[in-house]
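**Q** Quick one: structure below, then a few questions.
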Amino acid sequence: MIVQGHESSLSEFNFRKHVRPIFAKHCVGCHRVGGAAPMSLMEYGEAVPWANSVKLQVLNGTMPPWLPIDGIGDYRHVRSLTAKEIDVIVDWAVGQPPEGEPFTKGELELNEQSEVHGRDSGEPDIVLHSEADVVMDIDDYELS
């Protein structure tokens, strides 16, 4: 009996045109060199080794992180992905995630203007200080 495996195929979405803009909007505030996250997602070579992990984190809602409970309060700058953005990331990550064609000069200039460098949400509306220390237990967070 011969069993044939599933052959992976290229996604219709590529990193440069489809995935990178989503990462720039939602992820690279932390997922950049020198950012709070353990790896950068700004460039294809940095992101593709993590494609499966990113897919899983996006599907289970762990990323992007959003700690307030949904339905309590009306928040600006909510860190969540649309269903379409999730579909693009998942489709890209399954099988052979393509890089895409290099940017043209005009696309590169436009892309560089929209780069996220650190926190891009502007100044906070309010800064609260606690009288007691807040300790976060790393065991409360699932890392993959």
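Residue numbering restarts at 1 for every chain of the structure tokens, chains are lettered A, B, ... in their displayed order, and ligands are numbered from 1 as they appear.
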Excluding Val94 in chain A and residues on its chain fewer than 5 positions from it, collect all residues at most 12 Å away from it, counting only C-alpha atoms, and give them as a list of chain:residue names.
**A**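 So the residues in contact are A:His6, A:Glu7, A:Ser8, A:Ser9, A:Leu10, A:Ser11, A:Glu12, A:Phe13, A:Asn14, A:Val48, A:Trp50, A:Ala51, A:Asn52, A:Ser53, A:Val54, A:Lys55, A:Leu56, A:Asp87, A:Val88, A:Ile89.
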**Q** Pick from A:Gly61, A:Gly29, A:Pro102, A:Pro97: nearest to Ala47 in chain A, with only C-alpha atoms counted?
**A**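 Ranking A:Gly61, A:Gly29, A:Pro102, A:Pro97 by distance to Ala47 in chain A, first place goes to A:Pro97.
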